[in-house]
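Participant: If it helps, the file is called run-v7.pdb and holds PDB, C-alpha atoms:
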ATOM      1  CA  MET E   6       3.306  14.107 -17.564
ATOM      2  CA  THR E   7       0.032  13.166 -19.193
ATOM      3  CA  VAL E   8      -3.365  13.798 -17.683
ATOM      4  CA  GLU E   9      -5.032  10.684 -16.238
ATOM      5  CA  LYS E  10      -8.063   9.521 -18.143
ATOM      6  CA  ASP E  11     -10.024   8.891 -14.977
ATOM      7  CA  ALA E  12     -10.244  10.641 -11.635
ATOM      8  CA  HIS E  13      -7.967   8.196  -9.804
ATOM      9  CA  PRO E  14      -4.887   9.776  -8.276
ATOM     10  CA  ASP E  15      -1.496   8.699  -9.575
ATOM     11  CA  PRO E  16      -0.222   5.823  -7.382
ATOM     12  CA  ARG E  17       3.228   7.462  -7.598
ATOM     13  CA  ASP E  18       1.820  10.384  -5.602
ATOM     14  CA  GLU E  19      -0.008   8.093  -3.189
ATOM     15  CA  LEU E  20       2.993   5.884  -2.462
ATOM     16  CA  VAL E  21       4.487   8.187   0.157
ATOM     17  CA  SER E  22       1.373   7.971   2.323
ATOM     18  CA  HIS E  23       1.744   4.172   2.466
ATOM     19  CA  LEU E  24       5.400   4.230   3.510
ATOM     20  CA  PRO E  25       4.723   4.192   7.288
ATOM     21  CA  ALA E  26       2.480   1.132   6.906
ATOM     22  CA  MET E  27       4.993  -0.546   4.593
ATOM     23  CA  ARG E  28       7.734  -0.008   7.165
ATOM     24  CA  ALA E  29       5.547  -1.370   9.965
ATOM     25  CA  PHE E  30       4.652  -4.438   7.908
ATOM     26  CA  ALA E  31       8.305  -4.937   6.945
ATOM     27  CA  MET E  32       9.279  -4.582  10.602
ATOM     28  CA  SER E  33       6.820  -7.286  11.615
ATOM     29  CA  LEU E  34       8.331  -9.621   9.019
ATOM     30  CA  THR E  35      12.041  -8.918   9.505
ATOM     31  CA  ARG E  36      11.878  -7.758  13.166
ATOM     32  CA  ASN E  37      14.984  -5.717  12.454
ATOM     33  CA  ALA E  38      14.813  -2.015  11.639
ATOM     34  CA  ALA E  39      17.732  -1.900   9.188
ATOM     35  CA  ALA E  40      16.550  -4.974   7.316
ATOM     36  CA  ALA E  41      13.004  -3.587   7.271
ATOM     37  CA  ASP E  42      14.108  -0.352   5.610
ATOM     38  CA  ASP E  43      16.169  -2.247   3.029
ATOM     39  CA  LEU E  44      13.133  -4.382   2.312
ATOM     40  CA  VAL E  45      10.861  -1.344   1.921
ATOM     41  CA  GLN E  46      13.399   0.278  -0.402
ATOM     42  CA  ASP E  47      13.537  -2.844  -2.606
ATOM     43  CA  ALA E  48       9.744  -3.054  -2.643
ATOM     44  CA  VAL E  49       9.355   0.639  -3.553
ATOM     45  CA  VAL E  50      11.760   0.289  -6.492
ATOM     46  CA  LYS E  51       9.946  -2.849  -7.659
ATOM     47  CA  ALA E  52       6.517  -1.208  -7.289
ATOM     48  CA  TRP E  53       7.664   1.877  -9.182
ATOM     49  CA  GLY E  54       8.723  -0.247 -12.138
ATOM     50  CA  ASN E  55       5.358  -2.002 -12.145
ATOM     51  CA  PHE E  56       2.876   0.824 -11.645
ATOM     52  CA  ASP E  57       1.627   0.304 -15.196
ATOM     53  CA  LYS E  58       0.313  -3.063 -13.956
ATOM     54  CA  PHE E  59      -1.529  -1.521 -10.995
ATOM     55  CA  GLN E  60      -5.268  -1.347 -11.554
ATOM     56  CA  ALA E  61      -6.439   2.157 -10.724
ATOM     57  CA  GLY E  62      -9.144   2.220  -8.082
ATOM     58  CA  THR E  63      -8.090  -1.044  -6.430
ATOM     59  CA  ASN E  64      -6.442  -1.289  -3.027
ATOM     60  CA  LEU E  65      -2.990   0.247  -3.460
ATOM     61  CA  ARG E  66      -1.862  -0.704   0.041
ATOM     62  CA  ALA E  67      -2.716  -4.371  -0.528
ATOM     63  CA  TRP E  68      -0.880  -4.225  -3.856
ATOM     64  CA  LEU E  69       2.205  -2.689  -2.241
ATOM     65  CA  PHE E  70       2.103  -5.214   0.606
ATOM     66  CA  THR E  71       1.989  -8.054  -1.925
ATOM     67  CA  ILE E  72       5.173  -6.782  -3.547
ATOM     68  CA  LEU E  73       6.786  -6.275  -0.166
ATOM     69  CA  ARG E  74       6.052  -9.760   1.111
ATOM     70  CA  ASN E  75       7.105 -11.402  -2.154
ATOM     71  CA  THR E  76      10.376  -9.484  -1.942
ATOM     72  CA  TYR E  77      10.768 -10.580   1.656
ATOM     73  CA  TYR E  78      10.237 -14.262   0.961
ATOM     74  CA  SER E  79      12.629 -14.337  -1.991
ATOM     75  CA  LEU E  80      15.335 -12.431  -0.084
ATOM     76  CA  TYR E  81      14.758 -14.268   3.163
ATOM     77  CA  ARG E  82      15.132 -17.701   1.602
ATOM     78  CA  LYS E  83      18.318 -16.550  -0.087
ATOM     79  CA  ARG E  84      19.757 -15.085   3.098
ATOM     80  CA  ARG E  85      18.886 -18.177   5.100
ATOM     81  CA  ARG E  86      20.955 -20.222   2.672
ATOM     82  CA  GLU E  87      23.798 -17.726   2.840
ATOM     83  CA  VAL E  88      24.104 -17.627   6.612
ATOM     84  CA  GLU E  89      23.103 -21.278   7.051
ATOM     85  CA  ASP E  90      20.625 -20.612   9.785
ATOM     86  CA  PRO E  91      18.086 -23.322   9.035
ATOM     87  CA  ASP E  92      16.351 -23.275  12.389
ATOM     88  CA  GLY E  93      16.154 -19.518  12.561
ATOM     89  CA  LYS E  94      18.285 -18.988  15.661
ATOM     90  CA  MET E  95      19.586 -15.749  14.279
ATOM     91  CA  ALA E  96      16.135 -14.561  13.262
ATOM     92  CA  GLY E  97      15.028 -15.083  16.868
ATOM     93  CA  LYS E  98      17.967 -13.131  18.250
ATOM     94  CA  MET E  99      17.284 -10.147  16.025
ATOM     95  CA  SER E 100      13.763  -9.687  17.263
ATOM     96  CA  GLU E 101      13.870  -7.547  20.398
ATOM     97  CA  LYS E 102      12.828  -3.953  20.500
ATOM     98  CA  PRO E 103      12.928  -2.335  23.953
ATOM     99  CA  ALA E 104       9.572  -2.023  25.667
ATOM    100  CA  HIS E 105       8.122   1.435  26.098
ATOM    101  CA  ASP E 106       7.484   3.183  29.410
ATOM    102  CA  GLY E 107       6.346   0.506  31.815
ATOM    103  CA  HIS E 108       4.725  -1.588  29.110
ATOM    104  CA  LEU E 109       5.844  -4.878  30.599
ATOM    105  CA  ALA E 110       2.947  -6.543  28.889
ATOM    106  CA  MET E 111       4.096  -5.272  25.524
ATOM    107  CA  SER E 112       7.530  -6.821  25.856
ATOM    108  CA  ASP E 113       5.872 -10.156  26.669
ATOM    109  CA  PHE E 114       3.664  -9.730  23.677
ATOM    110  CA  ARG E 115       6.558  -8.846  21.374
ATOM    111  CA  THR E 116       8.523 -11.858  22.579
ATOM    112  CA  ALA E 117       5.594 -14.175  21.943
ATOM    113  CA  PHE E 118       4.877 -12.552  18.578
ATOM    114  CA  ALA E 119       8.507 -13.042  17.512
ATOM    115  CA  LYS E 120       8.151 -16.784  18.158
ATOM    116  CA  LEU E 121       5.390 -17.188  15.573
ATOM    117  CA  THR E 122       6.165 -18.314  12.037
ATOM    118  CA  ASP E 123       6.496 -15.697   9.280
ATOM    119  CA  GLU E 124       3.147 -16.782   7.864
ATOM    120  CA  GLN E 125       1.432 -16.441  11.230
ATOM    121  CA  ARG E 126       2.899 -13.002  11.890
ATOM    122  CA  GLU E 127       1.889 -11.690   8.511
ATOM    123  CA  VAL E 128      -1.761 -12.765   8.722
ATOM    124  CA  LEU E 129      -2.077 -11.389  12.241
ATOM    125  CA  ILE E 130      -0.679  -8.028  11.180
ATOM    126  CA  LEU E 131      -2.801  -7.858   8.029
ATOM    127  CA  ILE E 132      -6.054  -8.948   9.713
ATOM    128  CA  GLY E 133      -5.629  -7.870  13.330
ATOM    129  CA  ALA E 134      -3.637  -4.650  12.981
ATOM    130  CA  GLU E 135      -4.055  -3.379   9.432
ATOM    131  CA  GLY E 136      -7.726  -4.397   9.288
ATOM    132  CA  PHE E 137      -7.601  -6.181   5.936
ATOM    133  CA  SER E 138     -10.554  -8.420   5.124
ATOM    134  CA  TYR E 139      -9.814 -12.151   4.826
ATOM    135  CA  GLU E 140     -10.223 -11.716   1.066
ATOM    136  CA  GLU E 141      -7.709  -8.857   0.861
ATOM    137  CA  ALA E 142      -5.238 -10.766   3.022
ATOM    138  CA  ALA E 143      -5.674 -13.828   0.795
ATOM    139  CA  VAL E 144      -4.828 -11.782  -2.305
ATOM    140  CA  THR E 145      -1.854 -10.197  -0.550
ATOM    141  CA  CYS E 146      -0.496 -13.562   0.606
ATOM    142  CA  GLY E 147      -1.343 -15.358  -2.624
ATOM    143  CA  CYS E 148      -3.359 -18.078  -0.899
ATOM    144  CA  ALA E 149      -6.971 -19.180  -0.399
ATOM    145  CA  VAL E 150      -9.357 -17.322   1.921
ATOM    146  CA  GLY E 151      -9.810 -20.512   3.959
ATOM    147  CA  THR E 152      -6.058 -20.733   4.446
ATOM    148  CA  VAL E 153      -5.949 -17.176   5.770
ATOM    149  CA  LYS E 154      -8.785 -17.932   8.188
ATOM    150  CA  SER E 155      -7.269 -21.114   9.571
ATOM    151  CA  ARG E 156      -3.808 -19.534   9.728
ATOM    152  CA  THR E 157      -5.201 -16.565  11.670
ATOM    153  CA  ASN E 158      -6.983 -18.836  14.126
ATOM    154  CA  ARG E 159      -3.902 -20.956  14.648
ATOM    155  CA  ALA E 160      -1.733 -17.868  15.078
ATOM    156  CA  ARG E 161      -4.053 -16.424  17.736
ATOM    157  CA  LYS E 162      -4.166 -19.730  19.548
ATOM    158  CA  ARG E 163      -0.394 -20.083  19.475
ATOM    159  CA  LEU E 164       0.090 -16.516  20.656
ATOM    160  CA  ALA E 165      -2.267 -17.087  23.575
ATOM    161  CA  GLU E 166      -0.434 -20.281  24.471
ATOM    162  CA  LEU E 167       2.948 -18.585  24.312
ATOM    163  CA  MET E 168       1.837 -15.763  26.569
ATOM    164  CA  GLN E 169       0.354 -18.139  29.106
ATOM    165  CA  LEU E 170       3.549 -20.153  29.188
ATOM    166  CA  ASP E 171       5.247 -17.235  30.858
ATOM    167  CA  ASP E 172       4.828 -17.058  34.621
ATOM    168  CA  GLY E 173       1.444 -16.110  36.029
ATOM    169  CA  ASP E 174       2.470 -12.697  37.348
ATOM    170  CA  GLN E 175       3.381 -11.446  33.933
ATOM    171  CA  LEU E 176       0.165 -12.746  32.501
ATOM    172  CA  GLU E 177      -1.777 -10.708  35.044
ATOM    173  CA  LEU E 178       0.131  -7.613  34.038
ATOM    174  CA  THR E 179      -0.770  -8.338  30.450
ATOM    175  CA  ASP E 180      -4.421  -8.569  31.390
ATOM    176  CA  SER E 181      -4.547  -5.388  33.443
ATOM    177  CA  ALA E 182      -2.608  -3.363  30.891
ATOM    178  CA  THR E 183      -4.863  -4.365  28.042
ATOM    179  CA  MET E 184      -8.066  -4.195  30.095
ATOM    180  CA  ALA E 185      -7.707  -0.416  30.213
ATOM    181  CA  VAL E 186      -7.690  -0.291  26.428
ATOM    182  CA  VAL E 187     -10.522  -2.788  26.112
ATOM    183  CA  THR E 188     -12.786  -0.937  28.523
ATOM    184  CA  ALA E 189     -12.004   2.384  26.874
ATOM    185  CA  THR E 190     -12.952   0.921  23.493
ATOM    186  CA  SER E 191     -16.189  -0.706  24.619
ATOM    187  CA  SER E 192     -17.485   2.332  26.475
ATOM    188  CA  GLY E 193     -16.781   4.685  23.576
TER
ATOM    189  CA  MET U   7     -24.470 -16.006  33.019
ATOM    190  CA  THR U   8     -26.151 -19.363  32.639
ATOM    191  CA  ALA U   9     -23.537 -21.788  31.414
ATOM    192  CA  GLY U  10     -19.812 -22.275  31.499
ATOM    193  CA  SER U  11     -19.699 -22.336  27.700
ATOM    194  CA  MET U  12     -20.901 -18.749  27.637
ATOM    195  CA  THR U  13     -18.068 -17.689  29.915
ATOM    196  CA  GLN U  14     -15.659 -19.649  27.788
ATOM    197  CA  LYS U  15     -16.808 -17.923  24.617
ATOM    198  CA  ASN U  16     -16.564 -14.533  26.287
ATOM    199  CA  SER U  17     -13.066 -15.242  27.450
ATOM    200  CA  LYS U  18     -12.058 -16.369  23.946
ATOM    201  CA  ASP U  19     -13.505 -13.183  22.437
ATOM    202  CA  ASN U  20     -11.832 -11.182  25.146
ATOM    203  CA  LEU U  21      -8.509 -12.885  24.457
ATOM    204  CA  ASP U  22      -8.818 -12.239  20.716
ATOM    205  CA  ARG U  23      -9.604  -8.613  21.439
ATOM    206  CA  GLN U  24      -6.581  -8.299  23.693
ATOM    207  CA  ILE U  25      -4.397  -9.847  21.028
ATOM    208  CA  ASP U  26      -5.721  -7.399  18.437
ATOM    209  CA  GLU U  27      -5.165  -4.444  20.767
ATOM    210  CA  ASN U  28      -1.578  -5.543  21.290
ATOM    211  CA  LEU U  29      -1.090  -6.119  17.575
ATOM    212  CA  ARG U  30      -2.384  -2.660  16.767
ATOM    213  CA  ARG U  31      -0.109  -1.154  19.377
ATOM    214  CA  VAL U  32       2.992  -2.946  18.069
ATOM    215  CA  TYR U  33       2.000  -1.979  14.553
ATOM    216  CA  SER U  34       1.215   1.663  15.243
ATOM    217  CA  ASP U  35       4.452   2.008  17.217
ATOM    218  CA  ALA U  36       6.313   0.936  14.098
ATOM    219  CA  ALA U  37       4.120   2.974  11.736
ATOM    220  CA  GLY U  38       4.557   6.063  13.924
ATOM    221  CA  ASP U  39       8.316   6.216  13.472
ATOM    222  CA  PRO U  40       9.443   9.127  11.279
ATOM    223  CA  ILE U  41      10.260   8.133   7.710
ATOM    224  CA  PRO U  42      14.039   8.235   7.127
ATOM    225  CA  ASP U  43      15.375  10.722   4.561
ATOM    226  CA  ARG U  44      16.570   7.923   2.309
ATOM    227  CA  PHE U  45      12.978   7.374   1.168
ATOM    228  CA  ALA U  46      12.426  10.973   0.104
ATOM    229  CA  LYS U  47      15.706  10.739  -1.833
ATOM    230  CA  LEU U  48      14.710   7.432  -3.361
ATOM    231  CA  LEU U  49      11.341   8.756  -4.555
ATOM    232  CA  ALA U  50      13.020  11.868  -5.996
ATOM    233  CA  GLN U  51      15.505   9.647  -7.869
ATOM    234  CA  LEU U  52      12.753   7.454  -9.250
ATOM    235  CA  ARG U  53      10.800  10.499 -10.474
ATOM    236  CA  GLU U  54      13.914  11.963 -12.025
ATOM    237  CA  SER U  55      14.698   8.790 -13.949
ATOM    238  CA  ASP U  56      11.053   8.667 -15.121
ATOM    239  CA  GLU U  57      11.374  12.194 -16.469
ATOM    240  CA  GLN U  58      14.670  11.411 -18.160
ATOM    241  CA  ASN U  59      13.147   8.368 -19.826
ATOM    242  CA  ALA U  60      10.143  10.407 -20.912
ATOM    243  CA  SER U  61      12.285  13.128 -22.484
ATOM    244  CA  LYS U  62      14.472  10.524 -24.196
ATOM    245  CA  ALA U  63      11.370   8.930 -25.678
ATOM    246  CA  GLU U  64      10.200  12.369 -26.794
ATOM    247  CA  LYS U  65      13.507  13.044 -28.568
ATOM    248  CA  GLY U  66      13.407   9.622 -30.189
ATOM    249  CA  LYS U  67      10.041  10.446 -31.780
ATOM    250  CA  SER U  68      11.084  13.709 -33.450
TER
END
Starting from the file, give its structure as structure tokens.
Facilitator:
Amino acid sequence: MTVEKDAHPDPRDELVSHLPAMRAFAMSLTRNAAAADDLVQDAVVKAWGNFDKFQAGTNLRAWLFTILRNTYYSLYRKRRREVEDPDGKMAGKMSEKPAHDGHLAMSDFRTAFAKLTDEQREVLILIGAEGFSYEEAAVTCGCAVGTVKSRTNRARKRLAELMQLDDGDQLELTDSATMAVVTATSSG
Amino acid sequence: MTAGSMTQKNSKDNLDRQIDENLRRVYSDAAGDPIPDRFAKLLAQLRESDEQNASKAEKGKS
């Protein structure tokens, strides 16, 4: 092992700390735990072979996510052909994860989220959950910043529509469950 | 509260915030799962093969 010229840590050492996020991102794309772990494994192997191309000091997580999503789209297209599931019926069926303790709202949300397109889910996770800037998300997705912005807006709109399509009672539960979080955040 | 548009904007912001809260919860649920052993094994294998390659290259030089 040679000593690094600059003070940046070796991305090989940092990789492990990004694994939970990589698995969460993979889960949001595949919506299937086994497939998500296979995807992360493929992405890790690919990243490892390409660390010489990683620019020290830049966003390692964004770089890893780029590899992960590229792996996903190449595998996914291939698998779709293999199983001949052009309208994604199977992808829809694989999506459910049981709701946690009394989180009725969360199961509604997960169901609605699963109905979005791959592109919509990925921008929402990157921007809304991971906190990437539009610029970082654009690099990760290999598209223009404007595309990320409009995709995010459309995804939010669609998600809101999907959740309101469910019956009114469930929507109220959604509101009250999230209100607690919202109020806690704004008062803090 | 003067106009309906104000209320509308607030409710849009509120909706976006709720969506983000839900997104973060879904995401942190998934990110909070323990990492399976296969990943520790994988990383160990990758390091090992790096070291083997490095020592092969070293031998090749001498």
Participant: Please put the answer as lines of an AutoDock Vina configuration file: centre and edge lengths, in Å with one decimal, of a box along x, y and z that encloses all listed atoms of range 152-169 of chain E plus 3 Å on each side.
Facilitator:
center_x = -2.9
center_y = -18.4
center_z = 16.8
size_x = 17.7
size_y = 11.4
size_z = 30.7
Participant: Could you work out how far CA of Arg126 in chain E lies from CA of Val153 in chain E, giving the answer in Å with one decimal?
Facilitator: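 Going from CA of Val153 in chain E over to CA of Arg126 in chain E, I get 11.5 Å.
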Participant: Expanded to explicit residues, what is the ChimeraX specification (/U :<6) & /E for this file, as a list in words?
Facilitator: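 So the ChimeraX specification (/U :<6) & /E, applied here, picks out Pro25, Ala26, Ala29, Gly133 and Ala134 of chain E.
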Participant: Please report the interatomic distance between CA of Asp42 in chain E and CA of Ile72 in chain E in Å with one decimal.
Facilitator: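 Answer for the CA of Asp42 in chain E to CA of Ile72 in chain E separation: 14.3 Å.
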Participant: If you apply the PyMOL selection byres ((chain E and resi 154) around 10) to this file, what residues do you get, as a PyMOL selection string?
Facilitator: chain E and resi 128+132+139-140+142-143+149-153+155-160
Participant: Counting all atoms listed in the file, which residues sit no farther than 10 Å from the position (1.0, -14.5, 25.3) in the file's frame? I'd like them as a count of residues only.
Facilitator: 25
Participant: What is the CA of Ala12 in chain E to CA of Leu24 in chain E distance in Å?
Facilitator: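 Rounded to one decimal, the two atoms are 22.7 Å apart.
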